[in-house]
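Accompanying notes for the structure given below.
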Amino acid sequence: MTPVEFAGKYGLTVVTEGGGSCREIEGAYCCDLLSMVMGRAQENDAFVTVMANVNTIAVAVLADVACVILCEGIHFDEACILRAKQQEVCVLESEKSAFAVALLLGKELGLC
Amino acid sequence: MNTLKWTYEVDGSDFTRAGEASSAVKKNLRKLGVPPEAIRKVSIALYEGEINMVIHANGGVITVEMTPEKIDMVLADTGKGIPDIEQAMKEGWSTAPDEVRSLGFGAGMGLPNMKKYSDEMKIDSTVGVGTTVYMTVYLQ
């Protein structure tokens, strides 16, 4: 399932599409410590977080995740959104908690 | 032997620009058709080093050299230096200030991540003079 398909199915907002229509979510990683994400998130993971700063986008690019899912109704500011567009990062937003989003991802990935 | 070389100055005054050099290197490597796993290793190792330069050393210079066999990265700064490299290499050890921690860094993962994602790594550091980190990722 692509990030955009995931957003459509579960009511998340697609903030920037980036490559979100053409790559599959293959796993998920939930964390707000960006160095932890850099070291442990896998390529094509959905990166679930509440950390909304421009470095979040940089980490998403360099760790090569499928998308960033910002939870708890937190929003990126305009500078972050611009950076995400420039770097073609798919950004989704949800009012749900990181745990609730992780459960939905787990269901789609056949993990629960 | 074909060698490609890129040099980047890292601005230590603007945390929001940290990662620009790493992103630029990643783009170059992609264009050159470097295997994705090697690109990922270089990107992660370099980004962590770049972040460290911004947090601890007010910037510095990154040099990346690529041959058909390997990618060498040298990150040189004139910051305050690392008093105890062995301690700094431990996961969870950090001297980053609170404002950096609030942005999601300073978890004491930077140097361990650099070691994990490079095939070779060496640190030369002198307190009050600066730090140079040498990392290599092999392509073959």
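Letters for chains follow the order of the structure tokens (A, B, ...), residue numbers begin at 1 for each chain, and ligand numbers begin at 1 in the order shown.
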
**OP:** For chain A, work out the contacting residues on chain B at 7 Å, counting only C-alpha atoms, and write them as a PyMOL selection string.
**Re:** chain B and resi 16+19+23+40+43-44+104-105+107+109-110+113

Save out the residues we just selected, C-alpha atoms, as an mmCIF file, in the first residue's frame.
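Generated output (out_7.cif):
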```cif
data_model
loop_
_atom_site.group_PDB
_atom_site.id
_atom_site.type_symbol
_atom_site.label_atom_id
_atom_site.label_comp_id
_atom_site.auth_asym_id
_atom_site.auth_seq_id
_atom_site.Cartn_x
_atom_site.Cartn_y
_atom_site.Cartn_z
ATOM 1 C CA THR B 16 17.874 24.265 9.984
ATOM 2 C CA GLY B 19 21.879 18.097 6.252
ATOM 3 C CA SER B 23 21.627 15.638 0.802
ATOM 4 C CA ARG B 40 22.191 4.927 2.536
ATOM 5 C CA SER B 43 24.012 9.477 3.809
ATOM 6 C CA ILE B 44 23.439 8.409 7.411
ATOM 7 C CA GLY B 104 15.218 15.539 18.405
ATOM 8 C CA PHE B 105 19.009 15.316 18.558
ATOM 9 C CA ALA B 107 20.437 11.338 22.124
ATOM 10 C CA MET B 109 23.565 8.253 18.835
ATOM 11 C CA GLY B 110 25.615 10.390 16.459
ATOM 12 C CA ASN B 113 25.605 5.707 14.058
#
```

Original post:
Excluding same-chain residues fewer than 6 positions from Val54 in chain B, what lies within 9 Å of it counting only C-alpha atoms, as an MDAnalysis selection string?
Top reply: chainID B and resid 10:15 18 60

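Reported to one decimal place, the separation of CA of Lys31 in chain B from CA of Glu26 in chain A is 24.4 Å.
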
Subject >> Those in range 7-91 of chain A with strand (DSSP E or B) from DSSP, as number ranges by chain >> reply: A: 13-16, 27-30, 45-49, 67-70, 91

Excluding range 13-25 of chain A and residues on its chain fewer than 3 positions from it, collect all residues at most 6 Å away from it, counting only C-alpha atoms, and give them as an mmCIF file with C-alpha atoms, in the first residue's frame.
```cif
data_model
loop_
_atom_site.group_PDB
_atom_site.id
_atom_site.type_symbol
_atom_site.label_atom_id
_atom_site.label_comp_id
_atom_site.auth_asym_id
_atom_site.auth_seq_id
_atom_site.Cartn_x
_atom_site.Cartn_y
_atom_site.Cartn_z
ATOM 1 C CA MET A 1 0.000 0.000 0.000
ATOM 2 C CA THR A 2 1.337 3.433 -0.889
ATOM 3 C CA PRO A 3 1.291 6.303 1.628
ATOM 4 C CA VAL A 4 -1.369 8.107 -0.385
ATOM 5 C CA ASN A 44 10.499 2.423 2.789
ATOM 6 C CA ASP A 45 9.341 2.542 6.393
ATOM 7 C CA ALA A 66 8.386 6.026 2.343
ATOM 8 C CA GLU A 88 9.871 15.138 -2.700
ATOM 9 C CA VAL A 89 9.044 13.759 0.727
ATOM 10 C CA CYS A 90 5.533 12.449 1.262
ATOM 11 C CA VAL A 91 4.078 13.989 4.442
ATOM 12 C CA LEU A 92 0.826 12.824 6.026
ATOM 13 C CA GLU A 93 -0.874 14.264 9.087
#
```

**OP:** Tell me, in Å to one decimal, how far CA of Phe99 in chain A is from CA of Val65 in chain A.
**Re:** 18.5 Å

Lys5 in chain B environment, 7 Å, only C-alpha atoms, sequence neighbours closer than 3 positions dropped, as a short mmCIF file (atom, residue, chain, number, x, y, z; two decimals) with C-alpha atoms, in the first residue's frame:
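Saved the output as part-v1.cif:
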```
data_model
loop_
_atom_site.label_atom_id
_atom_site.label_comp_id
_atom_site.auth_asym_id
_atom_site.auth_seq_id
_atom_site.Cartn_x
_atom_site.Cartn_y
_atom_site.Cartn_z
CA VAL B 64 34.04 13.41 -0.06
CA GLU B 65 36.18 11.44 -2.49
CA MET B 66 34.83 8.61 -4.57
#
```

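With only C-alpha atoms as the atoms that count, the residue of B:Glu50, B:Glu99, B:Asp84, B:Glu120 with the shortest distance to Lys70 in chain B is B:Glu120.
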
Original post:
What gap, in Å, lies between CA of Val127 in chain B and CA of Arg101 in chain B?
Top reply: 23.3 Å

Original post:
Given the choices A:Glu95, A:Cys67, A:Leu104, A:Leu109, which gets closest to Leu12 in chain A if the distance is worked out from only C-alpha atoms?
Top reply: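 Of all the options, A:Glu95 lies closest to Leu12 in chain A.
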
Subject >> Residue nearest Arg83 in chain A among A:Ala28, A:Leu70, A:Ala100, A:Ala60 (counting only C-alpha atoms) >> reply: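 With only C-alpha atoms as the atom set, the closest residue is A:Ala60.
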
Original post:
Pick from A:Phe47, A:Ile81, A:Gly11, A:Cys30: nearest to Lys96 in chain A, with only C-alpha atoms counted?
Top reply: A:Gly11
